[in-house]
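Visitor: Input: one structure, supplied below.
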Protein chains: 2
Amino acid sequence: MSPGRSRRMIGVDEIDDICLGAAILGTGGGGDPYIGGLVAKRAIRLKGAVEMLDVGDVPVDDLVVTCGNLGAPTVYIEKLVGESQPVDALRALEHHLGRKVNAVMAFEAGGSNSAIPIWVAAATGLPLVDADGQGRAFPELQMVTFGVYGVSACPMAMADEHGGTVVLNVDENWRAERIARAITVEMGARASIAAYPMTGAQLRKVAIAGTMGLSWSLGRRVRIAREQSTDVFATILEAFTGTGYNGARILFEGKVADVRRETRGGWAVGEVRIAEPAGNADDLVVTFQNENLLARSGSQVRAIVPDLICILDSDQGLPITTERLRFGLRVTVIVIGAPDIMRTPEALAVFGPLAFGLDTEFVPQEDLA
Amino acid sequence: MSPGRSRRMIGVDEIDDICLGAAILGTGGGGDPYIGGLVAKRAIRLKGAVEMLDVGDVPVDDLVVTCGNLGAPTVYIEKLVGESQPVDALRALEHHLGRKVNAVMAFEAGGSNSAIPIWVAAATGLPLVDADGQGRAFPELQMVTFGVYGVSACPMAMADEHGGTVVLNVDENWRAERIARAITVEMGARASIAAYPMTGAQLRKVAIAGTMGLSWSLGRRVRIAREQSTDVFATILEAFTGTGYNGARILFEGKVADVRRETRGGWAVGEVRIAEPAGNADDLVVTFQNENLLARSGSQVRAIVPDLICILDSDQGLPITTERLRFGLRVTVIVIGAPDIMRTPEALAVFGPLAFGLDTEFVPQEDLA
């Protein structure tokens, strides 16, 4: 830790704010913030608060591992994670590596996948790194800046709810994704993973720094705005000022007219149609694969991955995950420009539109405004 | 090795006999003997002959591991195993266990899965144990006497053709099978495994002893009978005299009238209809899932798993694997009574008719004659 700066501790009271903020960044995916928060709070009550480290405070030779869950969020509503599942994954990876892990980190920002590493940190006494590899949520394991900038997903460990573990050691991250996804389906569409082991030196080059802290401040601002009945959406947009993200604005307000969704290959896949009540504008159609990927009005692209498309309820500003979308909800859609590290050609090759089978070039949200 | 007995060495010249005999025991599965033999011979040419140990000659504290391939034999015809694939699986398991393996063994008898452990033994310099866990071939990983009598399939390692490995550690063998099968499909329906690690002491209790040696003698007898133009089928039936198997007899002779087969979930699944040319008997219908499971004439059961139903070509007595069955082949079907260790209630619960979804009780072939 840098001298003269106070330690940042995550206790039970911080969890709801973090999960709420992370769920906004989660762009419809990354799991439900309520369920994610429950497990993190329980672990902190049992084991104590978690220290959050800045990327620069992690010693260069320390070993950092990312934790989270794979699977369809539609299943997560029905089936909680097993008591020791994410810790089992971490221990299996340590056994394989033959050394202890020094700190844990989220691989994505999302209501549940931001909470899992906090849970693991509390349960194991390890610190949590204030960073992730997506600055949002993405549906596939290779879609992280870690991989884009040279860190392998493997060795990677997975754990099921029965205490079973699997350790993968395959060369290419997309291959690890395919094998891990097949295992996830067999594990009941809900597996915990410990992946992307990296040194503190690597961490500095490949992670998106500050995203856990941003989730925390974003959630806190939304909570306070709601308590004080000030404008929640203005508050959310302001929270991105001075961060690495490229702007934020309101894209659309309307009512959910139609949701098509299915659980396929371990993902929640589909699209939602949002109608403007006054009928003065074309409907907005948002396509998703766990996360929101593309917003269109007719044939016009309004926002596209990796920029963040967030669907919030118009009343409270709460994020709505794709598995919770339903007919009649009044929603406000905001778009947030992804950080520069996510918009390079190398990054777009891994999680740009084409990586999702979308036949549309990436255009920054600033140019579509 | 017991004193006064000569060492049994498997060289290049022995491979064809062993693979042929094993393919007869393979009851239509266990892979093609020609392809299995190729890889074993290549390894022996490069590294030298393999010593075969009796079960009783393995020190009680030594570590024995079974080797073989998972996947659809239909794929095996098109895609050979990667150069180091089965050895990669063994090494990954050793890494996980933190100790060296002392001997390898087949988990099933079959044209290819009897050859893989010979290949691994040659490539690593380890001895091969004269035993297996099925005394035949079966389509699923938990269907072995090892598991029936208390040895876990895990920790178990799998390897793909790209050098990738996966280590599984799950409690129940049927769960290991399901996860391993999903991984196999993702690995292109062809994975090498190293599984069922056991001590020499466990080996004595759970293995079916002598099956590799039986394959060898069976193959040699068939070859000699063909060279000398004596009755191949009489020779095959005689080979089971004095073994632990419960008799052998000819069940049917005819011509393949129809084959329905598909590659599903990593298996070759279907049925073959065999007609008696003179039309004096009902057709024989044999159902298979990689291996032959049930032979019926109309509604009458003629032979049923775990007894061995072997389809051989009538001309040469060569076994025909399920993926090679085709219209017009003249075939002779023989049935061999499984050893007693495979007919106990515990064993039938794991690989009896019900385990394959067959709504028919097991009846020993002796009682159906």
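Ordered as shown in the structure tokens, chains take letters A, B, and onward, while each chain numbers its residues from 1 and ligands are numbered from 1 in the order shown.
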Where does chain A meet chain B within 9 Å, residue by residue, with the nearest atom pair and distance in Å to one decimal for each, counting only C-alpha atoms, listed by chain and rising number, as a Markdown table?

Guide:
| residue | atom | partner | partner_atom | distance |
| --- | --- | --- | --- | --- |
| A:His95 | CA | B:His96 | CA | 7.7 |
| A:His96 | CA | B:His96 | CA | 6.3 |
| A:Asp160 | CA | B:Val170 | CA | 8.7 |
| A:His162 | CA | B:Asp171 | CA | 8.0 |
| A:Gly163 | CA | B:Val170 | CA | 7.1 |
| A:Gly164 | CA | B:Val170 | CA | 4.0 |
| A:Thr165 | CA | B:Asn169 | CA | 5.0 |
| A:Val166 | CA | B:Leu168 | CA | 4.4 |
| A:Val167 | CA | B:Val167 | CA | 5.0 |
| A:Leu168 | CA | B:Val166 | CA | 4.4 |
| A:Asn169 | CA | B:Thr165 | CA | 5.1 |
| A:Val170 | CA | B:Gly164 | CA | 4.1 |
| A:Asp171 | CA | B:Gly164 | CA | 6.4 |
| A:Arg175 | CA | B:Glu186 | CA | 8.8 |
| A:Arg178 | CA | B:Glu186 | CA | 6.8 |
| A:Ile179 | CA | B:Glu186 | CA | 5.8 |
| A:Ala180 | CA | B:Ile183 | CA | 8.2 |
| A:Ala182 | CA | B:Ala182 | CA | 5.7 |
| A:Ile183 | CA | B:Ile179 | CA | 5.9 |
| A:Thr184 | CA | B:Ile179 | CA | 8.9 |
| A:Val185 | CA | B:Ala182 | CA | 8.5 |
| A:Glu186 | CA | B:Ile179 | CA | 5.8 |
| A:Met187 | CA | B:Ile179 | CA | 7.5 |

Visitor: Can you pull out every residue within 7 Å of B:Met9, counting only C-alpha atoms, but drop anything in the same chain fewer than 6 positions away, and send it as a PDB file with N, CA and C atoms, in the first residue's frame?

Guide:
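What follows is the written file result-v3.pdb:
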ATOM      1  N   ALA B  49      10.360 -53.305 -26.546  1.00  0.00           N
ATOM      2  CA  ALA B  49       9.261 -54.183 -26.147  1.00  0.00           C
ATOM      3  C   ALA B  49       8.747 -53.836 -24.746  1.00  0.00           C
ATOM      4  N   VAL B  50       7.547 -54.317 -24.463  1.00  0.00           N
ATOM      5  CA  VAL B  50       6.863 -54.017 -23.206  1.00  0.00           C
ATOM      6  C   VAL B  50       6.759 -55.288 -22.367  1.00  0.00           C
ATOM      7  N   GLU B  51       7.086 -55.168 -21.079  1.00  0.00           N
ATOM      8  CA  GLU B  51       6.947 -56.328 -20.195  1.00  0.00           C
ATOM      9  C   GLU B  51       5.526 -56.395 -19.647  1.00  0.00           C
ATOM     10  N   MET B  52       4.930 -57.587 -19.690  1.00  0.00           N
ATOM     11  CA  MET B  52       3.585 -57.767 -19.143  1.00  0.00           C
ATOM     12  C   MET B  52       3.677 -58.487 -17.802  1.00  0.00           C
TER      13      MET B  52
END

Visitor: Please provide as a PyMOL selection string all residues within 10 Å of stretch 207-214 of chain A, with the sequence filter that same-chain residues fewer than 3 positions apart are discarded (counting only C-alpha atoms).

Guide: chain A and resi 8+18-19+21-22+25+52-56+105-110+114-115+128-136+144-147+149+202-204+217-220+239-240+243-244+339+341-342

Visitor: Just give me the gap between atom CA of B:Leu293 and atom CA of B:Phe252 in Å, one decimal is fine.

Guide: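 Rounded to one decimal, the two atoms are 15.4 Å apart.
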
Visitor: Quick one: everything within 9 Å of A:Pro353, counting only C-alpha atoms, minus sequence neighbours fewer than 6 positions away in the same chain. Send it as a list in words.

Guide: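 Skipping anything fewer than 6 positions along the chain leaves Leu293, Leu294, Ile304, Val305, Pro306, Asp359, Thr360, Glu361 and Phe362 of chain A.
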
Visitor: Quick one: write out the picked residues with N, CA and C atoms as a JSON list (two decimals), in the first residue's frame?

Guide:
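Result file follows (again-v1.json):
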[["chain", "number", "residue", "atom", "x", "y", "z"],
["A", 293, "LEU", "N", -25.76, -6.67, -26.08],
["A", 293, "LEU", "CA", -24.70, -6.57, -27.08],
["A", 293, "LEU", "C", -24.93, -5.48, -28.11],
["A", 294, "LEU", "N", -26.18, -5.26, -28.49],
["A", 294, "LEU", "CA", -26.48, -4.38, -29.62],
["A", 294, "LEU", "C", -27.84, -3.75, -29.39],
["A", 304, "ILE", "N", -23.30, -0.36, -29.54],
["A", 304, "ILE", "CA", -22.82, -1.71, -29.86],
["A", 304, "ILE", "C", -21.62, -2.08, -29.00],
["A", 305, "VAL", "N", -21.54, -3.37, -28.71],
["A", 305, "VAL", "CA", -20.47, -3.96, -27.92],
["A", 305, "VAL", "C", -19.10, -3.63, -28.51],
["A", 306, "PRO", "N", -18.05, -3.30, -27.75],
["A", 306, "PRO", "CA", -17.94, -3.44, -26.29],
["A", 306, "PRO", "C", -18.46, -2.25, -25.48],
["A", 359, "ASP", "N", -22.95, -8.73, -37.57],
["A", 359, "ASP", "CA", -22.41, -8.29, -38.86],
["A", 359, "ASP", "C", -22.39, -6.76, -38.94],
["A", 360, "THR", "N", -21.80, -6.13, -37.94],
["A", 360, "THR", "CA", -21.82, -4.68, -37.84],
["A", 360, "THR", "C", -20.50, -4.23, -37.25],
["A", 361, "GLU", "N", -19.91, -3.18, -37.81],
["A", 361, "GLU", "CA", -18.65, -2.70, -37.26],
["A", 361, "GLU", "C", -18.87, -1.99, -35.94],
["A", 362, "PHE", "N", -17.83, -1.99, -35.12],
["A", 362, "PHE", "CA", -17.91, -1.20, -33.89],
["A", 362, "PHE", "C", -17.85, 0.29, -34.22]]

Visitor: Out of stretch 126-341 of chain B, which residues get strand (DSSP E) from DSSP, as an MDAnalysis selection string?

Guide: chainID B and resid 128:129 131:132 156:159 165:169 190:199 208:209 248:264 267:275 284:289 291:297 300:304 308:313 330:336

Visitor: Output C-alpha atoms for every residue in that selection, as an mmCIF file, in the first residue's frame.

Guide:
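New file part.cif:
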data_model
loop_
_atom_site.group_PDB
_atom_site.id
_atom_site.type_symbol
_atom_site.label_atom_id
_atom_site.label_comp_id
_atom_site.auth_asym_id
_atom_site.auth_seq_id
_atom_site.Cartn_x
_atom_site.Cartn_y
_atom_site.Cartn_z
ATOM 1 C CA LEU B 128 1.793 -53.410 -18.487
ATOM 2 C CA VAL B 129 -0.516 -55.333 -16.121
ATOM 3 C CA ALA B 131 -5.808 -57.384 -16.552
ATOM 4 C CA ASP B 132 -8.592 -54.920 -17.227
ATOM 5 C CA MET B 156 -8.491 -38.745 -13.736
ATOM 6 C CA ALA B 157 -6.669 -36.903 -16.504
ATOM 7 C CA MET B 158 -7.724 -36.308 -20.090
ATOM 8 C CA ALA B 159 -5.670 -35.033 -23.033
ATOM 9 C CA THR B 165 -5.113 -31.564 -20.570
ATOM 10 C CA VAL B 166 -7.912 -31.642 -18.019
ATOM 11 C CA VAL B 167 -7.778 -33.234 -14.558
ATOM 12 C CA LEU B 168 -11.090 -34.295 -13.004
ATOM 13 C CA ASN B 169 -11.645 -34.839 -9.328
ATOM 14 C CA ARG B 190 -11.525 -38.230 -29.239
ATOM 15 C CA ALA B 191 -9.778 -37.876 -25.884
ATOM 16 C CA SER B 192 -7.101 -39.928 -24.163
ATOM 17 C CA ILE B 193 -7.531 -40.657 -20.481
ATOM 18 C CA ALA B 194 -5.523 -41.871 -17.504
ATOM 19 C CA ALA B 195 -7.913 -42.936 -14.752
ATOM 20 C CA TYR B 196 -8.661 -45.267 -11.840
ATOM 21 C CA PRO B 197 -5.330 -44.858 -10.058
ATOM 22 C CA MET B 198 -4.982 -47.781 -7.629
ATOM 23 C CA THR B 199 -2.394 -49.562 -5.555
ATOM 24 C CA ILE B 208 -10.284 -58.989 -14.018
ATOM 25 C CA ALA B 209 -6.976 -60.797 -14.199
ATOM 26 C CA ALA B 248 -19.036 -69.644 -25.391
ATOM 27 C CA ARG B 249 -21.240 -70.769 -28.298
ATOM 28 C CA ILE B 250 -22.415 -69.766 -31.760
ATOM 29 C CA LEU B 251 -25.689 -67.861 -31.571
ATOM 30 C CA PHE B 252 -26.542 -67.056 -35.190
ATOM 31 C CA GLU B 253 -25.212 -67.080 -38.743
ATOM 32 C CA GLY B 254 -26.582 -64.766 -41.400
ATOM 33 C CA LYS B 255 -26.268 -61.656 -43.521
ATOM 34 C CA VAL B 256 -26.523 -58.037 -42.422
ATOM 35 C CA ALA B 257 -29.883 -56.826 -43.733
ATOM 36 C CA ASP B 258 -30.015 -53.368 -42.163
ATOM 37 C CA VAL B 259 -27.876 -51.063 -39.992
ATOM 38 C CA ARG B 260 -29.180 -47.989 -38.215
ATOM 39 C CA ARG B 261 -26.351 -46.016 -36.588
ATOM 40 C CA GLU B 262 -25.733 -42.464 -35.475
ATOM 41 C CA THR B 263 -23.002 -40.632 -33.537
ATOM 42 C CA ARG B 264 -24.792 -39.265 -30.510
ATOM 43 C CA TRP B 267 -21.118 -42.677 -28.949
ATOM 44 C CA ALA B 268 -22.008 -44.777 -31.959
ATOM 45 C CA VAL B 269 -25.595 -45.787 -31.176
ATOM 46 C CA GLY B 270 -27.975 -47.978 -33.174
ATOM 47 C CA GLU B 271 -28.976 -51.504 -34.122
ATOM 48 C CA VAL B 272 -28.166 -54.094 -36.765
ATOM 49 C CA ARG B 273 -30.600 -56.616 -38.258
ATOM 50 C CA ILE B 274 -29.122 -59.932 -39.370
ATOM 51 C CA ALA B 275 -31.169 -62.255 -41.612
ATOM 52 C CA LEU B 284 -31.488 -61.499 -35.147
ATOM 53 C CA VAL B 285 -31.538 -57.856 -34.072
ATOM 54 C CA VAL B 286 -28.520 -56.604 -32.106
ATOM 55 C CA THR B 287 -28.751 -53.271 -30.251
ATOM 56 C CA PHE B 288 -25.511 -51.385 -29.572
ATOM 57 C CA GLN B 289 -24.088 -48.326 -27.824
ATOM 58 C CA GLU B 291 -20.699 -52.162 -27.893
ATOM 59 C CA ASN B 292 -23.294 -54.856 -28.622
ATOM 60 C CA LEU B 293 -25.784 -54.963 -25.747
ATOM 61 C CA LEU B 294 -28.769 -57.120 -26.628
ATOM 62 C CA ALA B 295 -29.540 -59.778 -29.242
ATOM 63 C CA ARG B 296 -33.195 -60.551 -29.931
ATOM 64 C CA SER B 297 -35.208 -62.730 -32.310
ATOM 65 C CA GLN B 300 -37.222 -63.395 -27.555
ATOM 66 C CA VAL B 301 -33.984 -62.391 -25.806
ATOM 67 C CA ARG B 302 -31.107 -64.470 -27.174
ATOM 68 C CA ALA B 303 -28.209 -62.842 -25.276
ATOM 69 C CA ILE B 304 -27.860 -59.792 -23.086
ATOM 70 C CA LEU B 308 -20.463 -60.788 -24.622
ATOM 71 C CA ILE B 309 -22.207 -60.605 -28.002
ATOM 72 C CA CYS B 310 -19.555 -60.730 -30.714
ATOM 73 C CA ILE B 311 -20.233 -60.243 -34.417
ATOM 74 C CA LEU B 312 -17.534 -61.835 -36.581
ATOM 75 C CA ASP B 313 -17.251 -62.113 -40.327
ATOM 76 C CA ARG B 330 -21.993 -62.383 -43.870
ATOM 77 C CA VAL B 331 -21.569 -62.705 -40.143
ATOM 78 C CA THR B 332 -21.412 -65.251 -37.344
ATOM 79 C CA VAL B 333 -22.608 -64.075 -33.944
ATOM 80 C CA ILE B 334 -21.136 -65.727 -30.878
ATOM 81 C CA VAL B 335 -22.079 -65.264 -27.246
ATOM 82 C CA ILE B 336 -19.626 -65.622 -24.358
#

Visitor: Can you pull out every residue within 12 Å of A:Leu38, counting only C-alpha atoms, but drop anything in the same chain fewer than 4 positions away, and send it as a CSV table (one decimal) with N, CA and C atoms, in the first residue's frame?

Guide:
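The result, written out as around_10.csv:
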chain,number,residue,atom,x,y,z
A,12,VAL,N,-19.7,-5.7,5.5
A,12,VAL,CA,-21.1,-6.1,5.2
A,12,VAL,C,-21.9,-4.9,4.6
A,13,ASP,N,-21.7,-3.7,5.2
A,13,ASP,CA,-22.5,-2.6,4.7
A,13,ASP,C,-22.1,-2.1,3.3
A,15,ILE,N,-21.5,-4.1,0.8
A,15,ILE,CA,-21.7,-5.1,-0.3
A,15,ILE,C,-22.9,-4.6,-1.2
A,16,ASP,N,-24.0,-4.1,-0.6
A,16,ASP,CA,-25.1,-3.8,-1.5
A,16,ASP,C,-24.8,-2.7,-2.5
A,19,CYS,N,-22.5,-4.3,-5.2
A,19,CYS,CA,-23.2,-5.2,-6.1
A,19,CYS,C,-24.2,-4.4,-7.0
A,32,ASP,N,-27.3,-11.8,-10.7
A,32,ASP,CA,-28.2,-10.9,-10.0
A,32,ASP,C,-27.5,-10.3,-8.8
A,33,PRO,N,-27.6,-9.0,-8.6
A,33,PRO,CA,-26.9,-8.4,-7.5
A,33,PRO,C,-27.4,-8.8,-6.1
A,34,TYR,N,-28.7,-9.1,-6.0
A,34,TYR,CA,-29.3,-9.5,-4.7
A,34,TYR,C,-28.7,-10.8,-4.3
A,42,ARG,N,-22.6,-13.0,3.8
A,42,ARG,CA,-22.5,-14.2,4.7
A,42,ARG,C,-21.1,-14.5,5.0
A,43,ALA,N,-20.2,-14.5,4.0
A,43,ALA,CA,-18.8,-14.8,4.2
A,43,ALA,C,-18.1,-13.7,5.1
A,44,ILE,N,-18.5,-12.4,4.9
A,44,ILE,CA,-17.9,-11.4,5.7
A,44,ILE,C,-18.3,-11.5,7.1
A,45,ARG,N,-19.6,-11.8,7.3
A,45,ARG,CA,-20.1,-12.0,8.7
A,45,ARG,C,-19.3,-13.1,9.4
A,80,LEU,N,-28.7,-21.7,-5.8
A,80,LEU,CA,-27.6,-21.0,-5.2
A,80,LEU,C,-26.3,-21.7,-5.4
A,81,VAL,N,-25.2,-21.0,-5.3
A,81,VAL,CA,-23.9,-21.7,-5.4
A,81,VAL,C,-23.7,-22.5,-4.1
A,83,GLU,N,-21.9,-24.1,-0.9
A,83,GLU,CA,-21.2,-23.4,0.2
A,83,GLU,C,-19.7,-23.0,0.0
A,111,GLY,N,-23.3,-8.1,-11.0
A,111,GLY,CA,-23.9,-8.2,-9.7
A,111,GLY,C,-23.4,-9.4,-8.9
A,112,SER,N,-23.3,-10.5,-9.6
A,112,SER,CA,-22.8,-11.7,-8.9
A,112,SER,C,-21.3,-11.9,-9.0
A,115,ALA,N,-19.3,-10.1,-6.7
A,115,ALA,CA,-19.4,-10.5,-5.3
A,115,ALA,C,-18.6,-11.8,-5.0
A,116,ILE,N,-18.5,-12.7,-6.0
A,116,ILE,CA,-17.8,-14.0,-5.7
A,116,ILE,C,-16.4,-13.8,-5.2
A,118,ILE,N,-15.2,-11.3,-3.6
A,118,ILE,CA,-15.3,-10.7,-2.3
A,118,ILE,C,-15.5,-11.9,-1.3
A,119,TRP,N,-16.4,-12.8,-1.7
A,119,TRP,CA,-16.7,-13.9,-0.9
A,119,TRP,C,-15.5,-14.8,-0.7

Visitor: Among stretch 46-201 of chain A, which ones does DSSP assign to alpha helix (DSSP H) (computed from the backbone)? Answer as a PyMOL selection string.

Guide: chain A and resi 46-47+73-76+85-97+115-124+145-148+173-186+200-201

Visitor: Dump N, CA and C atoms for the selected residues as a compact mmCIF listing (two decimals), in the first residue's frame?

Guide:
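For reference, out_18.txt as written:
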# COMPACT_ATOMS: atom_id res chain seq x y z
N LEU A 46 -19.06 -14.14 8.69
CA LEU A 46 -18.37 -15.28 9.31
C LEU A 46 -16.88 -15.02 9.51
N LYS A 47 -16.26 -14.34 8.55
CA LYS A 47 -14.80 -14.29 8.54
C LYS A 47 -14.21 -12.89 8.67
N PRO A 73 -27.39 -17.28 -16.05
CA PRO A 73 -28.00 -16.59 -14.91
C PRO A 73 -29.43 -17.04 -14.65
N THR A 74 -30.11 -17.53 -15.68
CA THR A 74 -31.46 -18.06 -15.49
C THR A 74 -31.46 -19.21 -14.48
N VAL A 75 -30.38 -19.97 -14.43
CA VAL A 75 -30.29 -21.08 -13.47
C VAL A 75 -29.95 -20.57 -12.08
N TYR A 76 -29.16 -19.50 -12.05
CA TYR A 76 -28.69 -18.94 -10.78
C TYR A 76 -29.86 -18.50 -9.90
N GLN A 85 -18.06 -23.75 -2.98
CA GLN A 85 -17.77 -23.96 -4.40
C GLN A 85 -16.65 -23.06 -4.95
N PRO A 86 -16.71 -21.73 -4.78
CA PRO A 86 -15.63 -20.91 -5.38
C PRO A 86 -14.29 -21.10 -4.67
N VAL A 87 -14.33 -21.41 -3.38
CA VAL A 87 -13.08 -21.66 -2.66
C VAL A 87 -12.50 -23.00 -3.11
N ASP A 88 -13.36 -23.99 -3.36
CA ASP A 88 -12.90 -25.28 -3.89
C ASP A 88 -12.11 -25.08 -5.18
N ALA A 89 -12.62 -24.19 -6.04
CA ALA A 89 -11.94 -23.93 -7.32
C ALA A 89 -10.56 -23.33 -7.06
N LEU A 90 -10.51 -22.36 -6.16
CA LEU A 90 -9.22 -21.72 -5.84
C LEU A 90 -8.22 -22.74 -5.29
N ARG A 91 -8.69 -23.60 -4.38
CA ARG A 91 -7.78 -24.59 -3.77
C ARG A 91 -7.29 -25.60 -4.82
N ALA A 92 -8.17 -25.97 -5.73
CA ALA A 92 -7.76 -26.92 -6.79
C ALA A 92 -6.68 -26.30 -7.67
N LEU A 93 -6.83 -25.00 -7.93
CA LEU A 93 -5.81 -24.32 -8.74
C LEU A 93 -4.49 -24.23 -7.97
N GLU A 94 -4.56 -23.90 -6.69
CA GLU A 94 -3.34 -23.85 -5.87
C GLU A 94 -2.65 -25.21 -5.86
N HIS A 95 -3.45 -26.29 -5.72
CA HIS A 95 -2.86 -27.63 -5.72
C HIS A 95 -2.11 -27.87 -7.03
N HIS A 96 -2.75 -27.49 -8.13
CA HIS A 96 -2.11 -27.71 -9.44
C HIS A 96 -0.83 -26.88 -9.57
N LEU A 97 -0.89 -25.62 -9.15
CA LEU A 97 0.26 -24.73 -9.30
C LEU A 97 1.36 -25.05 -8.30
N ALA A 115 -19.27 -10.09 -6.70
CA ALA A 115 -19.42 -10.51 -5.30
C ALA A 115 -18.63 -11.78 -4.99
N ILE A 116 -18.51 -12.67 -5.98
CA ILE A 116 -17.83 -13.96 -5.73
C ILE A 116 -16.39 -13.75 -5.23
N PRO A 117 -15.59 -12.91 -5.88
CA PRO A 117 -14.22 -12.73 -5.37
C PRO A 117 -14.18 -12.10 -3.97
N ILE A 118 -15.19 -11.28 -3.65
CA ILE A 118 -15.25 -10.74 -2.28
C ILE A 118 -15.51 -11.88 -1.30
N TRP A 119 -16.44 -12.75 -1.68
CA TRP A 119 -16.73 -13.94 -0.88
C TRP A 119 -15.46 -14.77 -0.67
N VAL A 120 -14.74 -15.04 -1.78
CA VAL A 120 -13.53 -15.87 -1.69
C VAL A 120 -12.49 -15.16 -0.82
N ALA A 121 -12.35 -13.84 -1.01
CA ALA A 121 -11.38 -13.08 -0.21
C ALA A 121 -11.73 -13.19 1.27
N ALA A 122 -13.00 -13.03 1.62
CA ALA A 122 -13.41 -13.13 3.02
C ALA A 122 -13.15 -14.54 3.56
N ALA A 123 -13.52 -15.54 2.78
CA ALA A 123 -13.42 -16.93 3.25
C ALA A 123 -11.96 -17.35 3.42
N THR A 124 -11.06 -16.78 2.64
CA THR A 124 -9.67 -17.23 2.67
C THR A 124 -8.74 -16.25 3.38
N THR A 145 -9.49 -8.50 -21.04
CA THR A 145 -8.25 -7.82 -21.42
C THR A 145 -7.04 -8.66 -21.04
N PHE A 146 -7.16 -9.48 -19.99
CA PHE A 146 -6.04 -10.36 -19.60
C PHE A 146 -5.55 -11.14 -20.81
N GLY A 147 -6.50 -11.79 -21.47
CA GLY A 147 -6.17 -12.62 -22.63
C GLY A 147 -5.72 -11.79 -23.82
N VAL A 148 -6.41 -10.67 -24.05
CA VAL A 148 -6.05 -9.80 -25.18
C VAL A 148 -4.59 -9.40 -25.08
N ASN A 173 -7.24 -19.56 -25.17
CA ASN A 173 -8.31 -19.19 -24.25
C ASN A 173 -9.69 -19.52 -24.81
N TRP A 174 -9.86 -19.42 -26.14
CA TRP A 174 -11.17 -19.76 -26.69
C TRP A 174 -11.44 -21.26 -26.57
N ARG A 175 -10.36 -22.05 -26.60
CA ARG A 175 -10.53 -23.49 -26.42
C ARG A 175 -10.87 -23.80 -24.95
N ALA A 176 -10.22 -23.08 -24.05
CA ALA A 176 -10.55 -23.23 -22.63
C ALA A 176 -12.02 -22.87 -22.40
N GLU A 177 -12.48 -21.81 -23.04
CA GLU A 177 -13.88 -21.42 -22.94
C GLU A 177 -14.81 -22.55 -23.39
N ARG A 178 -14.51 -23.14 -24.53
CA ARG A 178 -15.40 -24.18 -25.06
C ARG A 178 -15.46 -25.39 -24.15
N ILE A 179 -14.30 -25.82 -23.66
CA ILE A 179 -14.27 -26.99 -22.78
C ILE A 179 -14.93 -26.63 -21.45
N ALA A 180 -14.63 -25.46 -20.91
CA ALA A 180 -15.21 -25.05 -19.63
C ALA A 180 -16.73 -24.92 -19.74
N ARG A 181 -17.19 -24.46 -20.87
CA ARG A 181 -18.64 -24.29 -21.05
C ARG A 181 -19.33 -25.65 -21.06
N ALA A 182 -18.72 -26.63 -21.75
CA ALA A 182 -19.30 -27.97 -21.78
C ALA A 182 -19.34 -28.56 -20.37
N ILE A 183 -18.29 -28.33 -19.61
CA ILE A 183 -18.24 -28.83 -18.23
C ILE A 183 -19.31 -28.12 -17.40
N THR A 184 -19.46 -26.80 -17.62
CA THR A 184 -20.45 -26.03 -16.87
C THR A 184 -21.85 -26.59 -17.08
N VAL A 185 -22.19 -26.89 -18.33
CA VAL A 185 -23.51 -27.46 -18.62
C VAL A 185 -23.67 -28.77 -17.85
N GLU A 186 -22.62 -29.59 -17.86
CA GLU A 186 -22.68 -30.88 -17.16
C GLU A 186 -22.74 -30.70 -15.65
N GLY A 200 1.85 -10.01 -10.10
CA GLY A 200 1.57 -8.59 -9.92
C GLY A 200 2.11 -7.76 -11.07
N ALA A 201 3.24 -8.19 -11.63
CA ALA A 201 3.82 -7.46 -12.77
C ALA A 201 2.90 -7.53 -13.99

Visitor: By how many Å are atom CA of A:Pro364 and atom CA of A:Gly242 apart?

Guide: 18.0 Å
